[in-house]
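A.B. asks: Following this line is start_10.cif, made up of mmCIF, C-alpha atoms and all ligand atoms:
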data_upload
loop_
_atom_site.label_atom_id
_atom_site.label_comp_id
_atom_site.auth_asym_id
_atom_site.auth_seq_id
_atom_site.Cartn_x
_atom_site.Cartn_y
_atom_site.Cartn_z
CA MET T 1 -101.50 10.87 43.56
CA SER T 2 -97.92 9.85 44.22
CA GLY T 3 -94.80 10.58 42.20
CA LEU T 4 -93.86 13.77 40.43
CA GLN T 5 -96.83 15.88 39.32
CA ASN T 6 -96.59 18.39 36.51
CA LEU T 7 -98.15 21.64 37.67
CA ALA T 8 -99.54 24.31 35.34
CA ILE T 9 -100.25 27.67 36.98
CA LEU T 10 -102.68 29.91 35.10
CA GLY T 11 -102.01 33.40 36.48
CA ALA T 12 -98.58 32.65 37.97
CA THR T 13 -97.64 36.30 38.54
CA GLY T 14 -100.66 37.03 40.73
CA SER T 15 -101.16 36.72 44.45
CA ILE T 16 -102.50 33.13 44.28
CA GLY T 17 -99.97 32.17 41.59
CA LEU T 18 -97.00 33.30 43.68
CA ASN T 19 -98.36 31.63 46.81
CA THR T 20 -98.77 28.43 44.83
CA LEU T 21 -95.16 28.60 43.68
CA ASP T 22 -94.07 29.26 47.25
CA VAL T 23 -95.73 26.04 48.43
CA ALA T 24 -94.93 23.86 45.41
CA ALA T 25 -91.25 24.85 45.33
CA ARG T 26 -90.85 23.37 48.83
CA TYR T 27 -91.50 19.94 47.29
CA PRO T 28 -89.38 19.48 44.16
CA GLN T 29 -89.81 15.70 44.47
CA ARG T 30 -93.57 16.11 44.36
CA PHE T 31 -94.25 19.03 41.99
CA ARG T 32 -92.58 20.03 38.78
CA ILE T 33 -93.37 23.55 37.58
CA PHE T 34 -94.48 22.55 34.11
CA ALA T 35 -96.17 25.71 32.81
CA LEU T 36 -96.65 29.32 33.94
CA SER T 37 -98.80 32.11 32.51
CA ALA T 38 -98.89 35.87 32.88
CA ASN T 39 -100.65 38.77 31.24
CA GLU T 40 -98.79 42.05 31.89
CA ARG T 41 -96.10 41.46 34.51
CA MET T 42 -93.37 40.32 32.14
CA ASP T 43 -90.41 41.06 34.43
CA GLU T 44 -91.94 38.89 37.11
CA LEU T 45 -92.69 36.11 34.62
CA ALA T 46 -89.12 36.20 33.28
CA GLU T 47 -87.76 35.84 36.81
CA LEU T 48 -90.13 32.96 37.57
CA CYS T 49 -89.07 31.20 34.36
CA LEU T 50 -85.40 31.59 35.20
CA ARG T 51 -85.96 30.23 38.68
CA HIS T 52 -88.37 27.35 37.92
CA ARG T 53 -87.45 26.53 34.30
CA PRO T 54 -90.96 25.51 33.22
CA ARG T 55 -91.47 23.62 29.95
CA TYR T 56 -94.00 26.30 28.84
CA ALA T 57 -94.65 29.96 29.52
CA VAL T 58 -97.78 31.64 28.19
CA VAL T 59 -97.99 35.38 27.52
CA ALA T 60 -100.73 37.50 25.99
CA HIS T 61 -99.23 38.36 22.59
CA ALA T 62 -96.34 37.88 20.14
CA LEU T 63 -94.38 41.00 21.13
CA GLN T 64 -94.21 39.84 24.72
CA ALA T 65 -93.22 36.36 23.54
CA GLU T 66 -90.29 37.76 21.54
CA ALA T 67 -89.07 39.89 24.42
CA LEU T 68 -89.37 37.01 26.88
CA GLY T 69 -87.58 34.67 24.48
CA ARG T 70 -84.63 37.09 24.27
CA ARG T 71 -84.41 37.23 28.06
CA LEU T 72 -84.61 33.50 28.64
CA GLN T 73 -82.27 32.50 25.81
CA SER T 74 -81.61 28.97 27.08
CA GLY T 75 -84.55 27.50 25.16
CA ALA T 76 -85.58 25.40 28.15
CA THR T 77 -88.95 27.13 28.06
CA GLU T 78 -91.23 27.17 25.03
CA ILE T 79 -93.25 30.37 24.85
CA LEU T 80 -96.91 30.25 23.82
CA THR T 81 -99.38 33.09 23.38
CA GLY T 82 -102.97 34.06 24.02
CA PRO T 83 -106.06 32.03 24.87
CA GLN T 84 -104.89 29.06 22.73
CA GLY T 85 -101.66 28.94 24.69
CA LEU T 86 -103.55 28.95 27.98
CA GLU T 87 -105.88 26.17 26.85
CA ARG T 88 -102.92 24.17 25.57
CA ILE T 89 -101.11 24.13 28.93
CA ALA T 90 -104.38 23.54 30.84
CA ALA T 91 -105.24 20.46 28.76
CA HIS T 92 -101.70 19.28 27.91
CA ALA T 93 -101.34 15.50 28.14
CA GLU T 94 -98.38 15.88 30.50
CA THR T 95 -100.13 18.35 32.84
CA ASP T 96 -101.34 16.59 35.99
CA CYS T 97 -102.55 19.50 38.06
CA VAL T 98 -103.84 22.95 37.06
CA MET T 99 -104.01 25.94 39.38
CA ALA T 100 -106.72 28.21 37.92
CA ALA T 101 -105.66 31.61 39.26
CA ILE T 102 -106.36 34.04 36.44
CA VAL T 103 -108.65 36.78 37.68
CA GLY T 104 -112.08 37.25 36.10
CA ALA T 105 -113.81 35.99 33.00
CA ALA T 106 -110.50 35.68 31.12
CA GLY T 107 -109.91 32.53 33.16
CA LEU T 108 -113.06 30.74 32.04
CA ALA T 109 -111.86 29.11 28.80
CA PRO T 110 -108.60 27.60 30.12
CA THR T 111 -110.22 26.54 33.41
CA LEU T 112 -112.98 24.81 31.47
CA ALA T 113 -110.36 23.24 29.21
CA ALA T 114 -108.64 21.77 32.29
CA ALA T 115 -111.97 20.35 33.49
CA ARG T 116 -112.71 18.87 30.06
CA ALA T 117 -109.27 17.27 30.03
CA GLY T 118 -110.08 15.58 33.37
CA LYS T 119 -107.29 17.27 35.29
CA LYS T 120 -106.81 17.74 38.99
CA LEU T 121 -108.13 21.29 39.04
CA LEU T 122 -107.40 23.73 41.85
CA LEU T 123 -109.99 26.47 41.49
CA ALA T 124 -109.20 29.98 42.68
CA ASN T 125 -110.83 31.69 39.69
CA LYS T 126 -114.33 31.84 41.21
CA GLU T 127 -115.60 34.06 38.38
CA ALA T 128 -115.36 31.10 35.96
CA LEU T 129 -117.63 28.99 38.15
CA VAL T 130 -120.04 31.86 38.82
CA MET T 131 -120.45 32.59 35.12
CA ALA T 132 -120.78 29.07 33.83
CA GLY T 133 -121.80 27.01 36.89
CA PRO T 134 -123.87 24.22 35.30
CA ILE T 135 -121.62 23.86 32.25
CA PHE T 136 -118.50 23.85 34.34
CA MET T 137 -119.81 21.29 36.85
CA GLU T 138 -121.06 19.06 34.04
CA ALA T 139 -117.59 19.17 32.44
CA VAL T 140 -116.02 18.21 35.78
CA ARG T 141 -118.45 15.31 36.17
CA SER T 142 -118.38 13.89 32.70
CA HIS T 143 -114.60 14.13 32.30
CA HIS T 144 -113.85 12.91 35.84
CA ALA T 145 -111.84 15.97 36.78
CA THR T 146 -110.93 16.37 40.44
CA LEU T 147 -112.13 19.80 41.52
CA LEU T 148 -110.58 21.24 44.68
CA PRO T 149 -111.60 24.67 45.97
CA ILE T 150 -108.86 27.19 46.77
CA ASP T 151 -111.09 30.05 47.92
CA SER T 152 -110.46 29.93 51.68
CA GLU T 153 -114.16 29.69 52.58
CA HIS T 154 -114.90 26.89 50.13
CA ASN T 155 -111.73 25.07 50.99
CA ALA T 156 -112.86 25.29 54.63
CA VAL T 157 -116.34 23.95 53.80
CA PHE T 158 -114.75 21.15 51.79
CA GLN T 159 -112.64 20.25 54.83
CA CYS T 160 -115.72 20.32 57.12
CA LEU T 161 -117.73 17.97 54.88
CA PRO T 162 -117.38 14.18 55.12
CA ASP T 163 -114.54 12.63 53.09
CA ALA T 164 -116.99 10.76 50.93
CA PHE T 165 -119.15 13.82 50.15
CA SER T 166 -121.52 12.83 47.36
CA GLY T 167 -122.38 16.34 46.17
CA GLU T 168 -125.71 16.29 47.96
CA LEU T 169 -125.78 18.07 51.32
CA GLY T 170 -129.04 16.45 52.45
CA ALA T 171 -127.60 12.96 52.07
CA HIS T 172 -124.98 13.82 54.69
CA GLY T 173 -127.32 15.50 57.15
CA VAL T 174 -126.02 19.00 56.42
CA ARG T 175 -128.38 21.75 57.46
CA ARG T 176 -126.45 24.90 56.49
CA VAL T 177 -123.21 26.17 55.07
CA LEU T 178 -121.94 29.22 56.99
CA LEU T 179 -119.60 31.36 54.91
CA THR T 180 -117.55 33.76 56.98
CA ALA T 181 -116.71 37.25 55.69
CA SER T 182 -114.26 39.72 57.15
CA GLY T 183 -116.43 42.65 56.07
CA GLY T 184 -113.47 44.20 54.26
CA PRO T 185 -111.87 47.57 54.92
CA PHE T 186 -115.16 49.52 55.00
CA ARG T 187 -117.11 47.48 57.54
CA GLU T 188 -117.17 50.35 60.00
CA VAL T 189 -116.34 53.39 57.87
CA PRO T 190 -119.13 56.02 58.23
CA LEU T 191 -121.62 55.55 55.38
CA GLU T 192 -121.20 59.13 54.14
CA ARG T 193 -117.45 58.53 53.69
CA LEU T 194 -118.08 55.63 51.29
CA HIS T 195 -118.90 58.09 48.49
CA SER T 196 -115.34 59.29 48.35
CA VAL T 197 -113.19 56.26 49.22
CA THR T 198 -110.24 55.71 46.87
CA PRO T 199 -108.93 52.57 45.12
CA GLU T 200 -105.97 52.61 47.52
CA GLU T 201 -108.28 52.52 50.53
CA ALA T 202 -110.44 49.82 48.95
CA CYS T 203 -107.39 47.66 48.22
CA ALA T 204 -106.02 47.90 51.78
CA HIS T 205 -107.68 44.76 53.12
CA PRO T 206 -107.30 44.33 56.88
CA ASN T 207 -106.42 40.59 56.83
CA TRP T 208 -105.45 39.42 53.32
CA VAL T 209 -103.03 40.63 50.64
CA MET T 210 -104.75 39.97 47.33
CA GLY T 211 -104.99 41.20 43.75
CA ARG T 212 -106.71 44.54 43.17
CA LYS T 213 -109.94 43.22 41.67
CA ILE T 214 -110.74 40.78 44.49
CA SER T 215 -109.71 43.45 47.01
CA VAL T 216 -112.36 45.81 45.65
CA ASP T 217 -114.82 42.90 45.61
CA SER T 218 -114.08 42.38 49.30
CA ALA T 219 -114.67 46.07 50.00
CA THR T 220 -118.12 46.00 48.33
CA MET T 221 -118.72 42.44 49.61
CA MET T 222 -119.37 41.40 46.01
CA ASN T 223 -116.67 38.85 46.76
CA LYS T 224 -119.05 37.18 49.23
CA ALA T 225 -121.89 37.45 46.71
CA LEU T 226 -119.76 35.56 44.18
CA GLU T 227 -118.84 33.07 46.91
CA ILE T 228 -122.51 32.36 47.68
CA ILE T 229 -122.95 31.33 44.05
CA GLU T 230 -119.66 29.44 44.13
CA ALA T 231 -120.86 27.48 47.20
CA HIS T 232 -124.06 26.61 45.39
CA TRP T 233 -122.20 24.99 42.50
CA LEU T 234 -119.46 23.34 44.53
CA PHE T 235 -121.61 21.85 47.26
CA GLY T 236 -125.15 21.81 45.88
CA ALA T 237 -126.32 24.27 48.56
CA THR T 238 -129.54 26.18 47.91
CA HIS T 239 -129.74 29.90 48.67
CA GLU T 240 -131.64 29.05 51.87
CA GLN T 241 -128.81 26.78 52.99
CA ILE T 242 -126.08 29.40 52.59
CA GLU T 243 -125.64 31.97 55.31
CA VAL T 244 -123.05 34.73 55.51
CA VAL T 245 -121.57 35.49 58.93
CA VAL T 246 -119.35 38.52 59.42
CA HIS T 247 -116.19 37.55 61.27
CA PRO T 248 -113.65 40.36 61.23
CA GLN T 249 -110.64 38.30 62.43
CA SER T 250 -110.71 35.90 59.41
CA VAL T 251 -109.64 33.00 61.61
CA VAL T 252 -112.72 30.80 61.16
CA HIS T 253 -112.64 30.34 57.40
CA SER T 254 -116.17 28.85 57.21
CA MET T 255 -118.42 26.28 58.86
CA VAL T 256 -120.84 23.44 58.14
CA GLU T 257 -123.87 22.86 60.36
CA TYR T 258 -125.34 19.36 60.61
CA ALA T 259 -128.87 18.18 61.41
CA ASP T 260 -127.92 17.20 64.96
CA GLY T 261 -126.83 20.76 65.74
CA SER T 262 -123.09 20.13 65.37
CA VAL T 263 -121.19 22.92 63.68
CA ILE T 264 -117.79 22.03 62.25
CA ALA T 265 -115.44 24.90 61.50
CA GLN T 266 -112.03 25.14 59.86
CA LEU T 267 -109.67 27.62 61.52
CA GLY T 268 -106.22 28.92 60.70
CA ASN T 269 -104.14 32.00 60.19
CA PRO T 270 -105.35 34.01 57.21
CA ASP T 271 -102.76 32.77 54.71
CA MET T 272 -103.73 31.40 51.30
CA ARG T 273 -100.87 28.94 51.43
CA THR T 274 -103.03 26.78 53.74
CA PRO T 275 -105.85 26.07 51.23
CA ILE T 276 -103.29 25.91 48.41
CA ALA T 277 -101.20 23.29 50.25
CA HIS T 278 -104.35 21.41 51.24
CA ALA T 279 -105.46 21.14 47.62
CA LEU T 280 -101.99 20.53 46.16
CA ALA T 281 -101.32 17.55 48.41
CA PHE T 282 -104.91 16.33 48.88
CA PRO T 283 -105.65 13.95 50.54
CA GLU T 284 -102.27 14.21 52.26
CA ARG T 285 -101.20 17.14 54.44
CA ILE T 286 -97.97 19.03 53.85
CA GLU T 287 -96.09 21.87 55.49
CA ALA T 288 -97.10 25.17 53.85
CA GLY T 289 -94.87 27.67 55.64
CA VAL T 290 -97.84 28.86 57.71
CA GLY T 291 -97.27 29.41 61.43
CA SER T 292 -99.39 27.92 64.21
CA LEU T 293 -102.64 29.63 65.07
CA ASP T 294 -102.25 31.31 68.46
CA LEU T 295 -105.81 31.63 69.77
CA THR T 296 -104.64 32.90 73.15
CA ARG T 297 -102.95 35.84 71.44
CA ILE T 298 -106.01 36.53 69.27
CA GLY T 299 -108.10 36.30 72.45
CA ARG T 300 -111.55 36.66 70.93
CA LEU T 301 -113.46 35.79 67.78
CA ASP T 302 -116.38 38.04 66.84
CA PHE T 303 -119.39 37.19 64.69
CA SER T 304 -122.28 39.32 63.45
CA THR T 305 -124.94 39.42 60.74
CA PRO T 306 -123.99 41.24 57.54
CA ASP T 307 -125.33 44.72 56.84
CA PHE T 308 -127.36 44.39 53.63
CA VAL T 309 -127.87 48.17 53.44
CA ARG T 310 -124.19 49.02 53.57
CA PHE T 311 -123.39 46.07 51.28
CA PRO T 312 -126.16 45.78 48.65
CA ALA T 313 -123.89 43.45 46.65
CA LEU T 314 -124.88 40.64 49.02
CA ARG T 315 -128.52 41.08 48.08
CA LEU T 316 -127.55 41.00 44.40
CA GLY T 317 -125.63 37.76 44.91
CA TYR T 318 -128.64 36.01 46.43
CA ARG T 319 -130.83 37.50 43.72
CA ALA T 320 -128.61 36.16 40.94
CA LEU T 321 -128.54 32.72 42.53
CA LYS T 322 -132.33 32.66 42.86
CA GLU T 323 -132.88 33.93 39.32
CA GLY T 324 -130.41 31.38 37.92
CA GLY T 325 -129.75 31.00 34.20
CA THR T 326 -127.61 33.83 32.86
CA SER T 327 -128.14 36.05 35.92
CA PRO T 328 -124.84 35.16 37.69
CA ALA T 329 -122.91 35.75 34.44
CA THR T 330 -124.59 39.16 34.13
CA LEU T 331 -123.77 40.01 37.74
CA ASN T 332 -120.15 38.96 37.27
CA ALA T 333 -119.56 40.81 34.00
CA ALA T 334 -121.19 44.03 35.21
CA ASN T 335 -119.07 43.82 38.34
CA GLU T 336 -115.85 43.38 36.36
CA VAL T 337 -116.62 46.47 34.26
CA ALA T 338 -117.64 48.58 37.27
CA VAL T 339 -114.62 47.53 39.36
CA SER T 340 -112.23 48.38 36.50
CA ALA T 341 -113.85 51.80 36.18
CA PHE T 342 -113.51 52.36 39.93
CA LEU T 343 -109.85 51.30 39.88
CA GLU T 344 -109.30 53.75 36.99
CA ARG T 345 -111.01 56.48 39.05
CA ARG T 346 -113.83 56.82 36.53
CA LEU T 347 -116.55 55.64 38.92
CA PRO T 348 -117.22 56.36 42.59
CA PHE T 349 -117.17 53.40 44.98
CA LEU T 350 -120.89 53.35 45.74
CA ALA T 351 -121.72 53.40 42.03
CA ILE T 352 -120.17 49.94 41.58
CA THR T 353 -123.18 48.08 42.93
CA ALA T 354 -125.57 50.67 41.44
CA VAL T 355 -124.21 49.87 37.97
CA ILE T 356 -124.54 46.12 38.57
CA GLU T 357 -128.11 46.38 39.82
CA ALA T 358 -129.11 48.56 36.87
CA VAL T 359 -127.62 46.06 34.43
CA MET T 360 -129.37 43.15 36.17
CA ASN T 361 -132.66 45.05 35.87
CA GLU T 362 -132.08 45.76 32.18
CA LEU T 363 -131.00 42.27 31.18
CA ARG T 364 -133.52 39.75 32.31
CA PRO T 365 -132.12 36.27 32.98
CA ARG T 366 -132.25 33.73 30.19
CA ALA T 367 -131.81 29.97 30.25
CA LEU T 368 -128.23 28.82 30.16
CA SER T 369 -127.61 25.69 28.15
CA SER T 370 -124.29 26.24 26.39
CA LEU T 371 -121.04 28.13 26.68
CA ALA T 372 -122.31 30.42 23.91
CA ASP T 373 -125.19 31.48 26.20
CA VAL T 374 -122.66 32.35 28.91
CA LEU T 375 -120.48 34.35 26.54
CA ASP T 376 -123.50 36.18 25.08
CA ALA T 377 -124.71 37.14 28.56
CA ASP T 378 -121.20 38.23 29.53
CA ALA T 379 -120.83 40.41 26.40
CA ALA T 380 -124.29 41.98 26.78
CA ALA T 381 -123.69 42.79 30.45
CA ARG T 382 -120.32 44.37 29.60
CA ARG T 383 -121.95 46.59 26.95
CA HIS T 384 -124.73 47.69 29.28
CA ALA T 385 -122.36 48.25 32.18
CA ALA T 386 -120.02 50.34 30.04
CA LEU T 387 -122.93 52.59 29.04
CA ARG T 388 -123.99 52.93 32.67
CA VAL T 389 -120.46 53.78 33.74
CA GLU T 390 -120.23 56.39 31.01
CA ALA T 391 -123.52 57.93 32.14
CA MET T 392 -122.28 58.10 35.73
CA THR T 393 -118.78 59.38 34.96
CA VAL T 394 -118.20 62.91 36.15
P1 LIG T 401 -104.03 38.93 40.82
O1 LIG T 401 -104.57 40.15 40.19
O2 LIG T 401 -103.00 39.07 41.87
O3 LIG T 401 -103.47 37.94 39.70
C1 LIG T 401 -104.20 37.66 38.55
C2 LIG T 401 -103.41 36.80 37.60
O4 LIG T 401 -104.15 36.66 36.38
C3 LIG T 401 -102.06 37.42 37.20
O5 LIG T 401 -101.13 36.41 36.95
C4 LIG T 401 -102.41 38.15 35.90
O6 LIG T 401 -101.30 38.34 35.04
C5 LIG T 401 -103.39 37.17 35.28
N1 LIG T 401 -104.33 37.82 34.37
C6 LIG T 401 -105.05 38.95 34.59
N2 LIG T 401 -105.81 39.24 33.52
C7 LIG T 401 -105.57 38.28 32.60
C8 LIG T 401 -106.03 38.04 31.27
N3 LIG T 401 -106.91 38.86 30.67
N4 LIG T 401 -105.57 36.96 30.62
C9 LIG T 401 -104.68 36.13 31.19
N5 LIG T 401 -104.20 36.30 32.44
C10 LIG T 401 -104.65 37.36 33.14
O7 LIG T 401 -105.30 38.14 41.39
P2 LIG T 401 -105.37 37.12 42.62
O8 LIG T 401 -104.22 36.18 42.56
O9 LIG T 401 -105.64 37.85 43.86
O10 LIG T 401 -106.71 36.32 42.26
C11 LIG T 401 -106.76 35.35 41.26
C12 LIG T 401 -108.09 34.61 41.33
O11 LIG T 401 -108.14 33.94 42.59
C13 LIG T 401 -109.30 35.53 41.29
O12 LIG T 401 -110.33 34.90 40.60
C14 LIG T 401 -109.69 35.69 42.76
O13 LIG T 401 -111.06 35.93 42.93
C15 LIG T 401 -109.29 34.34 43.31
N6 LIG T 401 -108.99 34.34 44.74
C16 LIG T 401 -107.93 35.06 45.21
C17 LIG T 401 -107.64 35.09 46.57
C18 LIG T 401 -106.45 35.82 47.10
O14 LIG T 401 -106.15 35.73 48.29
N7 LIG T 401 -105.71 36.57 46.30
C19 LIG T 401 -108.48 34.36 47.52
C20 LIG T 401 -109.55 33.63 46.93
C21 LIG T 401 -109.79 33.62 45.59
P3 LIG T 401 -100.32 39.66 35.21
O15 LIG T 401 -100.12 39.83 36.68
O16 LIG T 401 -99.06 39.23 34.53
O17 LIG T 401 -101.00 40.80 34.55
MG MG T 402 -112.77 33.87 49.76
#
Can you turn what I pasted into structure tokens?
C.D. replies:
Amino acid sequence: MSGLQNLAILGATGSIGLNTLDVAARYPQRFRIFALSANERMDELAELCLRHRPRYAVVAHALQAEALGRRLQSGATEILTGPQGLERIAAHAETDCVMAAIVGAAGLAPTLAAARAGKKLLLANKEALVMAGPIFMEAVRSHHATLLPIDSEHNAVFQCLPDAFSGELGAHGVRRVLLTASGGPFREVPLERLHSVTPEEACAHPNWVMGRKISVDSATMMNKALEIIEAHWLFGATHEQIEVVVHPQSVVHSMVEYADGSVIAQLGNPDMRTPIAHALAFPERIEAGVGSLDLTRIGRLDFSTPDFVRFPALRLGYRALKEGGTSPATLNAANEVAVSAFLERRLPFLAITAVIEAVMNELRPRALSSLADVLDADAAARRHAALRVEAMTV
């Protein structure tokens, strides 16, 4: 797409949102910051509005809107509220490109709205795809949206697939998709220590600076579990075709293996501005502010098989994918509840996956044919997970 593109960033105050602004602001001739959203970080949103002067800003509720309005004064930015506001900017006739970077299930409705409006959709919010895979992909197809993955692994896979990828791996001679995983901060921590690790330790990722929820997901490896399901929907890979490879340096962002034995990998410094720039400018390439990869300084790249005992979340991810239907939505919702409880110090680290597994055992998967089915499964899993958390709280 040439000319000036109007960019709407859902979750502008987050890690992905700010990285997106960093890249987009380098190209004022290419991207206009059309709309920004935030949930709690109002000071940050006010600053972003003053700097980028978007047409719209979306906040959670009316009190925030009033306070933001007083700070902005100029009237250059119209302030909208709540889920309707998010859906409005996602589907707005003048929006060309949507960065879906709200964390968790809260991002589903506006991300789906962008797909249904046929937008160029940059997907960071993996939870939306995990919850509602078939409905989401059908919306992308039938409304001719352009879906570009931002998750570094999926962006890497996308780059390793042929340009004219049809959505069917077999048709292109693809044998396997190899998702790399850093293993997070607890890859080598003695197992007995995992009982007492804190939110601060869990959020101190060795290679990436990310929001707190995805940081905890990386520490449990639930992030990779969600990514297995994400890869299934994005690339049509079956559970047998998706393999997780632990790669602590986070330099190889993922790989695609072909029938002839070729393995194509995408490498780079671990910096989210690379996949963001790739998707923003696709199919062109633009400068993202990311330095050159110095392999001679890194010296070695290590790979190993994941430890399914230390990281039971991986097993749950494959299980949810195999079960299908509402199972991924159940997994995702239970995880969101358990991670929040851990971050609030109400649940020990190892209980996160225990809660999720218990909820998956209690709520058997059902067929998923509408958004209502997704939302029902999400609500039920949240109720069950909350009860489990309560029972485990000391
Ligand atoms: P952050 O926590 O840093 O940011 C989340 C954003 O969502 C913030 O703008 C936040 O607003 C907003 N938000 C949170 N809750 C709500 C809600 N209920 N309603 C509306 N907006 C809300 O997360 P990240 O940027 O790290 O991650 C965003 C998404 O991208 C996640 O789905 C994550 O899995 C995915 N992702 C992130 C990567 C990374 O490197 N960070 C890599 C790959 C994927 P506020 O801050 O104002 O409260
Ligand atoms: Mg990732």
A.B. asks: Name the closest residue to ligand LIG 401 (chain T) among the candidates T:Val140, T:Ala156, T:Ala145, T:Val374; distances are taken between atoms, counting only C-alpha atoms and all ligand atoms.
C.D. replies: T:Ala156
A.B. asks: Within 8 Å of ligand MG 402 (chain T) (counting all atoms listed in the file), which residues show up? I'd like them as a list in words.
C.D. replies: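 These are the residues that qualify: Asp151, Ser152, Glu153, His154, Ala181, Asn223, Lys224 and Glu227 of chain T.
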A.B. asks: Work out how far apart atom CA of T:Ala164 and atom C19 of ligand LIG 401 (chain T) are and give it in Å to one decimal.
C.D. replies: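 That distance, rounded to one decimal, is 25.3 Å.
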A.B. asks: Skip T:Gln5 itself and residues of its chain fewer than 5 positions away, then list as a ChimeraX atom specification all residues within 12 Å of it, counting all atoms listed in the file.
C.D. replies: /T:24,27-35,94-98,119-120,280-281
A.B. asks: Check which residues fall inside 8 Å of ligand LIG 401 (chain T) when counting only C-alpha atoms and all ligand atoms, and print them as a compact mmCIF listing (two decimals) with C-alpha atoms, keeping the file's coordinate frame.
C.D. replies:
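Heads up, here's the output in part36.txt:
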# COMPACT_ATOMS: atom_id res chain seq x y z
CA LEU T 10 -102.68 29.91 35.10
CA GLY T 11 -102.01 33.40 36.48
CA ALA T 12 -98.58 32.65 37.97
CA THR T 13 -97.64 36.30 38.54
CA GLY T 14 -100.66 37.03 40.73
CA SER T 15 -101.16 36.72 44.45
CA ILE T 16 -102.50 33.13 44.28
CA GLY T 17 -99.97 32.17 41.59
CA LEU T 18 -97.00 33.30 43.68
CA SER T 37 -98.80 32.11 32.51
CA ALA T 38 -98.89 35.87 32.88
CA ASN T 39 -100.65 38.77 31.24
CA GLU T 40 -98.79 42.05 31.89
CA ARG T 41 -96.10 41.46 34.51
CA MET T 42 -93.37 40.32 32.14
CA GLU T 44 -91.94 38.89 37.11
CA LEU T 45 -92.69 36.11 34.62
CA VAL T 59 -97.99 35.38 27.52
CA ALA T 60 -100.73 37.50 25.99
CA GLY T 82 -102.97 34.06 24.02
CA PRO T 83 -106.06 32.03 24.87
CA LEU T 86 -103.55 28.95 27.98
CA ALA T 100 -106.72 28.21 37.92
CA ALA T 101 -105.66 31.61 39.26
CA ILE T 102 -106.36 34.04 36.44
CA VAL T 103 -108.65 36.78 37.68
CA GLY T 104 -112.08 37.25 36.10
CA ALA T 105 -113.81 35.99 33.00
CA ALA T 106 -110.50 35.68 31.12
CA GLY T 107 -109.91 32.53 33.16
CA LEU T 123 -109.99 26.47 41.49
CA ALA T 124 -109.20 29.98 42.68
CA ASN T 125 -110.83 31.69 39.69
CA LYS T 126 -114.33 31.84 41.21
CA GLU T 127 -115.60 34.06 38.38
CA ALA T 128 -115.36 31.10 35.96
CA ILE T 150 -108.86 27.19 46.77
CA ASP T 151 -111.09 30.05 47.92
CA SER T 152 -110.46 29.93 51.68
CA TRP T 208 -105.45 39.42 53.32
CA VAL T 209 -103.03 40.63 50.64
CA MET T 210 -104.75 39.97 47.33
CA GLY T 211 -104.99 41.20 43.75
CA ARG T 212 -106.71 44.54 43.17
CA LYS T 213 -109.94 43.22 41.67
CA ILE T 214 -110.74 40.78 44.49
CA SER T 215 -109.71 43.45 47.01
CA ASN T 223 -116.67 38.85 46.76
CA ASP T 271 -102.76 32.77 54.71
CA MET T 272 -103.73 31.40 51.30
A.B. asks: Could you tell me, as a PDB file with C-alpha atoms, in the frame of the given file, which residues have any atom at most 9 Å from (-120.9, 43.3, 36.7), counting all atoms listed in the file?
C.D. replies:
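Result file part.pdb:
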ATOM      1  CA  ALA T 329    -122.910  35.750  34.440  1.00  0.00           C
ATOM      2  CA  THR T 330    -124.590  39.160  34.130  1.00  0.00           C
ATOM      3  CA  LEU T 331    -123.770  40.010  37.740  1.00  0.00           C
ATOM      4  CA  ASN T 332    -120.150  38.960  37.270  1.00  0.00           C
ATOM      5  CA  ALA T 333    -119.560  40.810  34.000  1.00  0.00           C
ATOM      6  CA  ALA T 334    -121.190  44.030  35.210  1.00  0.00           C
ATOM      7  CA  ASN T 335    -119.070  43.820  38.340  1.00  0.00           C
ATOM      8  CA  GLU T 336    -115.850  43.380  36.360  1.00  0.00           C
ATOM      9  CA  VAL T 337    -116.620  46.470  34.260  1.00  0.00           C
ATOM     10  CA  ALA T 338    -117.640  48.580  37.270  1.00  0.00           C
ATOM     11  CA  VAL T 339    -114.620  47.530  39.360  1.00  0.00           C
ATOM     12  CA  ILE T 352    -120.170  49.940  41.580  1.00  0.00           C
ATOM     13  CA  THR T 353    -123.180  48.080  42.930  1.00  0.00           C
ATOM     14  CA  VAL T 355    -124.210  49.870  37.970  1.00  0.00           C
ATOM     15  CA  ILE T 356    -124.540  46.120  38.570  1.00  0.00           C
ATOM     16  CA  GLU T 357    -128.110  46.380  39.820  1.00  0.00           C
ATOM     17  CA  VAL T 359    -127.620  46.060  34.430  1.00  0.00           C
ATOM     18  CA  MET T 360    -129.370  43.150  36.170  1.00  0.00           C
ATOM     19  CA  ASP T 378    -121.200  38.230  29.530  1.00  0.00           C
ATOM     20  CA  ALA T 381    -123.690  42.790  30.450  1.00  0.00           C
ATOM     21  CA  ARG T 382    -120.320  44.370  29.600  1.00  0.00           C
ATOM     22  CA  ALA T 385    -122.360  48.250  32.180  1.00  0.00           C
TER      23      ALA T 385
END
A.B. asks: Which value, in Å to one decimal, gives the distance between atom CA of T:Leu293 and atom CA of T:Ser250?
C.D. replies: 11.7 Å
A.B. asks: Go through T:Val245, T:Leu108, T:Leu234, T:Leu21 one by one, measure the shortest atom-to-atom distance of each to T:Leu148 using only C-alpha atoms, and give the residue with the smallest value.
C.D. replies: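 Closest to T:Leu148 of all the choices is T:Leu234.
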A.B. asks: Quick one: pull the distance between atom CA of T:Ala358 and atom CA of T:Met221, Å, one decimal.
C.D. replies: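 Taking atom CA of T:Ala358 as the start and atom CA of T:Met221 as the end point, the length is 17.5 Å.
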